[in-house]
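One structure is given here, and the rest of the page talks about it.
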Amino acid sequence: MSQLFENRGFVVPGDVLAEGNLRSGENTYRLHGKIHATRVGLVEYSRGVVSVIALEANYEPRIGEIVIGSVVDVDLSGWVANIEGPSLALLNVVDALDEPFKPEMALPSIFDLGDLIVAKVVSLGRDGTPKLSTLGSNLGRVVGGRLVRMTPSKIPRLIGKKGSMVNMIIKETGCQIVIGQNGIILVNSKERDMEDLVVQVLQKIESEAHTTGLTNRIYEFIREMKEKRKR
Amino acid sequence: MSPTKRKLIVDGVRLDGRKVDEVRPMKIECGVLPNANGSSYVEQGRNKILVGVFGPREMHPKHLADLRKAVLRCRYHMAPFSTDPRRSPAPSRRDTELSMVIRNALEPALFLERYPRASIDVFAEILEADGSTRCACTVAASVALVDAGIPMRDLVVACSAGKVNGEIVLDLNDIEDKEGEADLPVAYMPKLGKVTLLQMDGVLTQEEFDRSLKLALEGCKKIYEFQKEALKMKYGKQEEKESVEQD
Amino acid sequence: MSSRIEVVSRLNRARISAALSQGKREDGRGLSDLRAVKIKKNVLDKAEGSAEVLLGDTRVIVGVKIDKGEPFSDTPNQAVLTVNAEFTPIASPAFEPGPPDEASVELARVVDRGIRSSEAIDLEKYCIVPGKIVYVIFVDIFILNHSGNLIDASALASVAALMSTKLPKYTFKEDKLEFLEAHEPLELQDLPITVSIGKIGDNLIVDPTMDEEDIMDTRVTVAVNKNGYICALQKSGSAGLDLEEVKKATNIACEKATEIRKLLMES
């Protein structure tokens, strides 16, 4: 088995990461016995699997993920939402209403063109079309707050181990934060200053997602900025 | 042919001071356009090219979608002020052909089957043109696609070679292309060893062709390093140096 | 299925209006404040004149190309000035490749009117042989990134590009046009500045961002010459304006134009 880069080395698509018996993991593919990277990132060799922690990755919806999208069309049976993925997503009225649908119900009164929704991806069609549901707690129409975009591959870092990072940010700033796995984050607070701070924090995480000790640095950063505010 | 042909190479030195096997000075930056999913800016000699990538996203208009895979669309477009004399902003037949040729150069590197019914749009805007722009566009587009996080089998790199004043040279600029004997643009996937763009304009013997192709591929290897550097630069010193795990 | 128009979320409208009711904008600016302006001249080698302008994140590059040609039959002693704008698809996912749409045509024509009406260029001066050969001045506007207020950024970049323009010198001897292998700077008699003002509810805001443009009721663009006179006006959008608002908008524009002209002259 040969491992051709140092662990966590920088790789670009096409780079041959390994030859032989290692398994091809995330952001890699195998061809003629060689494993190549498919995205730019840091290569990781772990337990017989070679994968790449992508520094840039377009969003690909997975079942169970929470996403934030905007309604771009309303028809007779539901809505179409843009979740910034390879295809538009579908939301059927039965997946949005707790009660049985009655023909007199006007769909736009539930979600209208331009509304932002927090939804869960419940299935993927054969061609990859995601089907959404807004049934469930914390899902539905967004009524207030500010949107921030982050690279989807960096969202796990924003969440942290068992939510450690995002929970720390929420605690320290008092803001409400809803994370869409599709790289759209909703930040809401009565205090404009705290909202601005969270936006700065998100930008910092975006640029430093691949480094170690980030949670502590973000914690220190928030403390520092709050101190500055007091003065 | 005019009775006195201009000397473009004197004692192995070209009009712009280069040796026959030198690539023009290059600068590549990625992530330069905030509204695009991926982007890059390339300067190669006096070439100045901006590329923006959008996608994969739902194909629009719908009737152009392919049910089995994403459609790659490329647009090669020159700004009116990019040449002397000024060119009309309306697309020319040359623009149409080059858009197609660049698309064919990039397609083999993409996993289009992963995104049925989607489109991946590559828009190349040439702000200043000075020869071998289709190669520079391909180089820029490849970096922009990586910047967009779109999965690729390999980078695509491109470089031209040709014959000027009887000599085989690398990376032709505008004058060399217009007044030389042959121009050979080549695009290549370096890790997979596949040529994805190959055109020739002019006359070459078999032997001259072989030498030109070899030289173009060497140029590609050099430019590949610039592409990697540009991607690396975006993330600063990103490598985490941990000890290499033993098997 | 709706066509690909960027659908603005309801959220934006609510937020922007809430901030405006407090006299502030989303990005913290006052109602009459401009975003940061950066002007760079001579950015393109193959153009006779060029400039790049950054207005906030909106980025525009303009190239001026000079040619010689026949004058228009109704103005046989005048140089030809033509302004063209391209909304390149790299500037925004909302721009589709293709022939100029009404927004890009409007932008080009408004920028043209500002330059022409202010007589920034003495077109008669740049006639070479009356009725036969004149300078043809092409101003090509290329939008590189759309973040709102394309008109003001384009007009500013166009004037900056004209300031940097060098014309090839010609003489006409014995029925032949000869290039003198020399260049002279294009002389400008004025530096027209356009200022666009958007109306959102009862508020008039200067230099709208893309989000503000999406929800604004209408917009007025005012071109002002160096004497503070209005040399072009364009109301764009379908909502109405009352007379008070029109007056207020033109006043604000004239004030801001002086500020912007200063930045232009210092660049």
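Chains: A, B, ... in order of the structure tokens. Residues: from 1 per chain. Ligands: from 1, in order shown.
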
Point to revise | Contact residues around Phe111 in chain B with only C-alpha atoms at 10 Å, ignoring same-chain residues under 3 positions, as a PyMOL selection string | key: (chain A and resi 38) or (chain B and resi 69-70+107-108+114-115+150-153)

Include N, CA and C atoms and write out the residues we just selected as a tab-separated table (two decimals), in the first residue's frame.
chain	number	residue	atom	x	y	z
A	38	THR	N	-10.91	14.37	-6.14
A	38	THR	CA	-11.85	15.02	-7.06
A	38	THR	C	-12.07	16.49	-6.69
B	69	LYS	N	-27.55	13.43	-17.56
B	69	LYS	CA	-26.36	14.06	-17.01
B	69	LYS	C	-26.44	15.58	-17.10
B	70	ALA	N	-25.53	16.25	-16.43
B	70	ALA	CA	-25.47	17.71	-16.49
B	70	ALA	C	-24.98	18.12	-17.87
B	107	GLU	N	-14.90	19.02	-20.68
B	107	GLU	CA	-15.88	17.97	-20.38
B	107	GLU	C	-15.32	16.68	-19.84
B	108	PRO	N	-14.26	16.13	-20.43
B	108	PRO	CA	-13.76	14.84	-19.93
B	108	PRO	C	-13.33	14.89	-18.46
B	114	ARG	N	-23.19	12.85	-12.50
B	114	ARG	CA	-23.63	13.02	-11.12
B	114	ARG	C	-24.79	13.98	-10.97
B	115	TYR	N	-25.00	14.84	-11.96
B	115	TYR	CA	-26.00	15.90	-11.82
B	115	TYR	C	-26.97	15.94	-13.01
B	150	ILE	N	-16.69	22.02	-7.79
B	150	ILE	CA	-17.28	20.99	-8.65
B	150	ILE	C	-16.29	19.85	-8.78
B	151	PRO	N	-16.74	18.60	-8.57
B	151	PRO	CA	-15.76	17.49	-8.59
B	151	PRO	C	-15.18	17.30	-9.98
B	152	MET	N	-13.89	17.05	-10.04
B	152	MET	CA	-13.22	16.85	-11.32
B	152	MET	C	-12.30	15.66	-11.28
B	153	ARG	N	-12.10	15.04	-12.45
B	153	ARG	CA	-11.19	13.89	-12.53
B	153	ARG	C	-9.74	14.37	-12.51

Practice item. Within 7 Å of Val143 in chain B, counting only C-alpha atoms, which residues show up once you throw out same-chain ones fewer than 5 positions away? Write them as a list of chain:residue names, please. Key: B:Cys30, B:Ser40, B:Gln227

Output file for the residues above (C-alpha atoms, as a PDB file, in the first residue's frame):
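Listed below is the output, again.pdb:
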ATOM      1  CA  CYS B  30      -8.976  32.291  -7.959  1.00  0.00           C
ATOM      2  CA  SER B  40     -10.492  32.899 -11.716  1.00  0.00           C
ATOM      3  CA  GLN B 227      -2.666  26.473 -11.460  1.00  0.00           C
TER       4      GLN B 227
END

Practice item. Using only C-alpha atoms, determine which residues lie at most 8 Å from range 245-249 of chain C, disregarding the query and same-chain residues fewer than 6 positions distant; provide the list as a list of chain:residue names. Key: C:Ile197, C:Leu204, C:Val220

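The nearest approach to Thr165 in chain C among the residues C:Leu31, C:Ile230, C:Val62, C:Leu180, with only C-alpha atoms taken into account, belongs to C:Val62.
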
Practice item. Please identify all polymer residues within 10 Å of range 80-90 of chain B, counting only C-alpha atoms, omitting same-chain residues fewer than 2 positions from it, and present them as a ChimeraX atom specification. Key: /B:47-49,77-78,92-93,95,125-130 /C:44-50,62-67,84-86,98-100,138-142

Exercise for review: Run DSSP on the backbone and grab whatever in range 70-198 of chain B lands in helix (DSSP H, G or I); send it over as a PyMOL selection string.
Suggested key: chain B and resi 80-82+93-109+112-114+133-147+174-179

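If only C-alpha atoms are the atoms counted, then among A:Pro108, A:Gly48, A:Gly136, A:Gly145 the closest residue to chain B is A:Gly48.
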
Practice item. Would you list the contacts of range 195-201 of chain B as number ranges by chain, taking every protein, DNA or RNA residue within 8 Å and counting only C-alpha atoms, but skipping same-chain residues closer than 5 positions in sequence? Key: B: 101-102, 104-106, 108, 182-189

For the residues selected in the previous step, produce a file with N, CA and C atoms as a short mmCIF file (atom, residue, chain, number, x, y, z; two decimals), in the first residue's frame.
data_model
loop_
_atom_site.label_atom_id
_atom_site.label_comp_id
_atom_site.auth_asym_id
_atom_site.auth_seq_id
_atom_site.Cartn_x
_atom_site.Cartn_y
_atom_site.Cartn_z
N VAL B 101 -14.89 24.26 -28.61
CA VAL B 101 -13.61 23.58 -28.44
C VAL B 101 -13.15 23.59 -26.97
N ILE B 102 -13.41 24.69 -26.29
CA ILE B 102 -13.05 24.78 -24.87
C ILE B 102 -13.97 23.87 -24.05
N ASN B 104 -15.31 21.11 -25.06
CA ASN B 104 -14.83 19.75 -25.29
C ASN B 104 -13.54 19.47 -24.54
N ALA B 105 -12.78 20.49 -24.28
CA ALA B 105 -11.52 20.32 -23.54
C ALA B 105 -11.79 20.08 -22.06
N LEU B 106 -12.84 20.70 -21.53
CA LEU B 106 -13.14 20.60 -20.09
C LEU B 106 -14.01 19.39 -19.76
N PRO B 108 -14.26 16.13 -20.43
CA PRO B 108 -13.76 14.84 -19.93
C PRO B 108 -13.33 14.89 -18.46
N ALA B 182 2.78 27.99 -38.31
CA ALA B 182 1.81 27.05 -37.77
C ALA B 182 1.54 27.34 -36.30
N ASP B 183 0.30 27.04 -35.88
CA ASP B 183 -0.12 27.28 -34.50
C ASP B 183 -0.85 26.05 -34.02
N LEU B 184 -0.42 25.51 -32.88
CA LEU B 184 -0.96 24.26 -32.37
C LEU B 184 -1.40 24.43 -30.91
N PRO B 185 -2.68 24.75 -30.67
CA PRO B 185 -3.12 24.79 -29.27
C PRO B 185 -3.42 23.38 -28.76
N VAL B 186 -3.05 23.11 -27.52
CA VAL B 186 -3.23 21.78 -26.94
C VAL B 186 -3.74 21.92 -25.51
N ALA B 187 -4.74 21.11 -25.15
CA ALA B 187 -5.16 21.03 -23.74
C ALA B 187 -4.95 19.61 -23.27
N TYR B 188 -4.66 19.47 -21.97
CA TYR B 188 -4.17 18.19 -21.48
C TYR B 188 -4.59 17.98 -20.04
N MET B 189 -4.97 16.73 -19.69
CA MET B 189 -5.22 16.40 -18.29
C MET B 189 -3.95 15.73 -17.78
#

**Study point:** Gly78 in chain A environment, 6 Å, only C-alpha atoms, sequence neighbours closer than 3 positions dropped, as number ranges by chain
**Key:** A: 75, 91-93

Distance table requested - chain A against chain B, cut-off 7 Å, only C-alpha atoms: one row per qualifying residue with the closest atom pair and its distance in Å to one decimal, ordered by chain and rising residue number, as a Markdown table.
| residue | atom | partner | partner_atom | distance |
| --- | --- | --- | --- | --- |
| A:Glu6 | CA | B:Val244 | CA | 5.3 |
| A:Asn7 | CA | B:Val244 | CA | 5.7 |
| A:Arg8 | CA | B:Glu240 | CA | 5.5 |
| A:Gly9 | CA | B:Glu239 | CA | 5.2 |
| A:Phe10 | CA | B:Glu239 | CA | 5.5 |
| A:Pro13 | CA | B:Asp154 | CA | 5.0 |
| A:Gly14 | CA | B:Asp154 | CA | 3.7 |
| A:Asp15 | CA | B:Lys191 | CA | 6.7 |
| A:Thr38 | CA | B:Met152 | CA | 4.8 |
| A:Arg39 | CA | B:Pro151 | CA | 5.3 |
| A:Val40 | CA | B:Val146 | CA | 6.7 |
| A:Glu56 | CA | B:Gly149 | CA | 4.3 |
| A:Ala57 | CA | B:Gly149 | CA | 3.7 |
| A:Asn58 | CA | B:Gly149 | CA | 4.9 |
| A:Gly85 | CA | B:Arg57 | CA | 6.1 |
| A:Pro86 | CA | B:Arg57 | CA | 4.2 |
| A:Ser87 | CA | B:Glu58 | CA | 4.5 |
| A:Leu88 | CA | B:Glu58 | CA | 6.2 |
| A:Asp127 | CA | B:Pro116 | CA | 5.8 |

Write down, as a PDB file with N, CA and C atoms, in the first residue's frame, each residue of chain A that has any atom within 7 Å of an atom of chain C, counting only C-alpha atoms.
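File iface-v4.pdb, as written:
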ATOM      1  N   SER A  70     -35.444  29.313  -0.821  1.00  0.00           N
ATOM      2  CA  SER A  70     -36.461  30.322  -1.112  1.00  0.00           C
ATOM      3  C   SER A  70     -37.461  29.760  -2.110  1.00  0.00           C
ATOM      4  N   VAL A  72     -39.585  29.564  -5.186  1.00  0.00           N
ATOM      5  CA  VAL A  72     -39.494  30.187  -6.508  1.00  0.00           C
ATOM      6  C   VAL A  72     -40.701  29.900  -7.388  1.00  0.00           C
ATOM      7  N   ASP A  73     -41.564  28.969  -6.964  1.00  0.00           N
ATOM      8  CA  ASP A  73     -42.759  28.715  -7.744  1.00  0.00           C
ATOM      9  C   ASP A  73     -43.819  28.066  -6.858  1.00  0.00           C
ATOM     10  N   GLY A 114     -41.017  33.915  -2.875  1.00  0.00           N
ATOM     11  CA  GLY A 114     -40.095  34.797  -2.163  1.00  0.00           C
ATOM     12  C   GLY A 114     -39.960  34.479  -0.691  1.00  0.00           C
ATOM     13  N   ASP A 115     -40.819  33.606  -0.172  1.00  0.00           N
ATOM     14  CA  ASP A 115     -40.690  33.239   1.239  1.00  0.00           C
ATOM     15  C   ASP A 115     -39.457  32.364   1.422  1.00  0.00           C
ATOM     16  N   LEU A 116     -38.853  32.497   2.598  1.00  0.00           N
ATOM     17  CA  LEU A 116     -37.734  31.629   2.946  1.00  0.00           C
ATOM     18  C   LEU A 116     -38.268  30.526   3.837  1.00  0.00           C
ATOM     19  N   VAL A 143     -39.431  34.086   9.554  1.00  0.00           N
ATOM     20  CA  VAL A 143     -40.097  35.385   9.698  1.00  0.00           C
ATOM     21  C   VAL A 143     -39.152  36.545   9.970  1.00  0.00           C
ATOM     22  N   GLY A 144     -37.930  36.261  10.364  1.00  0.00           N
ATOM     23  CA  GLY A 144     -37.034  37.377  10.637  1.00  0.00           C
ATOM     24  C   GLY A 144     -35.594  36.916  10.663  1.00  0.00           C
TER      25      GLY A 144
END

Practice item. Between C:His183, C:Lys199, C:Lys235, C:Lys41, single out the one closest to Leu162 in chain C, counting only C-alpha atoms. Key: C:Lys41

Revision key, fill the gap. Between CA of Asn203 in chain C and CA of Ala19 in chain C lies a distance of 11.0 Å

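Proximity to chain C was assessed for B:Val71, B:Ile175, B:Ala65, B:Leu50 counting only C-alpha atoms; the smallest distance is recorded for B:Leu50.
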
Exercise for review: Write out as a VMD selection string the residues lying within 10 Å of Asp190 in chain C, counting only C-alpha atoms and excluding same-chain residues fewer than 2 positions away.
Suggested key: chain C and resid 115 118 to 122 159 187 to 188 192 to 193 224 to 227

Practice item. List every residue of range 26-176 of chain C that DSSP, applied to the backbone of this structure, assigns to strand (DSSP E), and report them as an MDAnalysis selection string. Key: chainID C and resid 37:41 49:55 58:69 80:87 127:129 133:145 166:173 176

Could you save the residues just selected, with C-alpha atoms, as an mmCIF file, in the first residue's frame?
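Here's the written file result.cif:
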data_model
loop_
_atom_site.group_PDB
_atom_site.id
_atom_site.type_symbol
_atom_site.label_atom_id
_atom_site.label_comp_id
_atom_site.auth_asym_id
_atom_site.auth_seq_id
_atom_site.Cartn_x
_atom_site.Cartn_y
_atom_site.Cartn_z
ATOM 1 C CA VAL C 37 -15.272 54.297 -4.375
ATOM 2 C CA LYS C 38 -12.062 53.135 -6.049
ATOM 3 C CA ILE C 39 -11.005 54.458 -9.459
ATOM 4 C CA LYS C 40 -8.063 53.084 -11.449
ATOM 5 C CA LYS C 41 -7.110 54.459 -14.850
ATOM 6 C CA GLY C 49 -8.168 54.766 -22.744
ATOM 7 C CA SER C 50 -9.473 52.677 -19.867
ATOM 8 C CA ALA C 51 -10.562 52.692 -16.259
ATOM 9 C CA GLU C 52 -11.908 50.354 -13.617
ATOM 10 C CA VAL C 53 -14.282 51.476 -10.902
ATOM 11 C CA LEU C 54 -15.276 49.726 -7.705
ATOM 12 C CA LEU C 55 -18.396 51.131 -6.079
ATOM 13 C CA THR C 58 -19.980 46.660 -7.945
ATOM 14 C CA ARG C 59 -17.110 46.437 -10.390
ATOM 15 C CA VAL C 60 -17.084 47.968 -13.883
ATOM 16 C CA ILE C 61 -14.328 48.235 -16.461
ATOM 17 C CA VAL C 62 -14.519 50.615 -19.433
ATOM 18 C CA GLY C 63 -12.337 50.563 -22.532
ATOM 19 C CA VAL C 64 -12.181 53.488 -24.965
ATOM 20 C CA LYS C 65 -11.189 52.613 -28.524
ATOM 21 C CA ILE C 66 -10.498 55.232 -31.159
ATOM 22 C CA ASP C 67 -10.995 54.682 -34.842
ATOM 23 C CA LYS C 68 -11.514 56.900 -37.841
ATOM 24 C CA GLY C 69 -14.576 56.789 -40.027
ATOM 25 C CA VAL C 80 -18.822 60.045 -33.627
ATOM 26 C CA LEU C 81 -19.297 59.010 -30.017
ATOM 27 C CA THR C 82 -20.855 55.662 -29.275
ATOM 28 C CA VAL C 83 -21.438 54.079 -25.883
ATOM 29 C CA ASN C 84 -22.105 50.368 -25.487
ATOM 30 C CA ALA C 85 -22.705 48.328 -22.333
ATOM 31 C CA GLU C 86 -22.450 44.625 -21.658
ATOM 32 C CA PHE C 87 -23.979 42.939 -18.653
ATOM 33 C CA CYS C 127 -13.388 66.179 -36.980
ATOM 34 C CA ILE C 128 -10.477 65.422 -39.329
ATOM 35 C CA VAL C 129 -11.887 66.185 -42.764
ATOM 36 C CA ILE C 133 -13.376 61.601 -41.995
ATOM 37 C CA VAL C 134 -13.850 62.006 -38.279
ATOM 38 C CA TYR C 135 -12.637 60.339 -35.120
ATOM 39 C CA VAL C 136 -14.916 57.563 -33.931
ATOM 40 C CA ILE C 137 -14.855 57.218 -30.148
ATOM 41 C CA PHE C 138 -16.102 53.894 -28.782
ATOM 42 C CA VAL C 139 -16.849 53.718 -25.066
ATOM 43 C CA ASP C 140 -17.405 50.083 -24.111
ATOM 44 C CA ILE C 141 -18.740 49.372 -20.645
ATOM 45 C CA PHE C 142 -18.150 45.920 -19.230
ATOM 46 C CA ILE C 143 -19.849 44.984 -15.974
ATOM 47 C CA LEU C 144 -17.640 42.590 -14.015
ATOM 48 C CA ASN C 145 -19.619 42.321 -10.776
ATOM 49 C CA LYS C 166 -4.838 59.218 -25.938
ATOM 50 C CA LEU C 167 -5.858 59.800 -29.540
ATOM 51 C CA PRO C 168 -3.659 58.836 -32.473
ATOM 52 C CA LYS C 169 -2.818 61.991 -34.384
ATOM 53 C CA TYR C 170 -3.603 62.214 -38.086
ATOM 54 C CA THR C 171 -3.071 64.711 -40.879
ATOM 55 C CA PHE C 172 -4.777 64.796 -44.214
ATOM 56 C CA LYS C 173 -2.303 65.526 -46.992
ATOM 57 C CA LYS C 176 -4.507 60.722 -47.975
#

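Taking only C-alpha atoms into account, chain C lies nearest to B:Asp121 out of the set B:Asp121, B:Arg6, B:Val20, B:Leu112.
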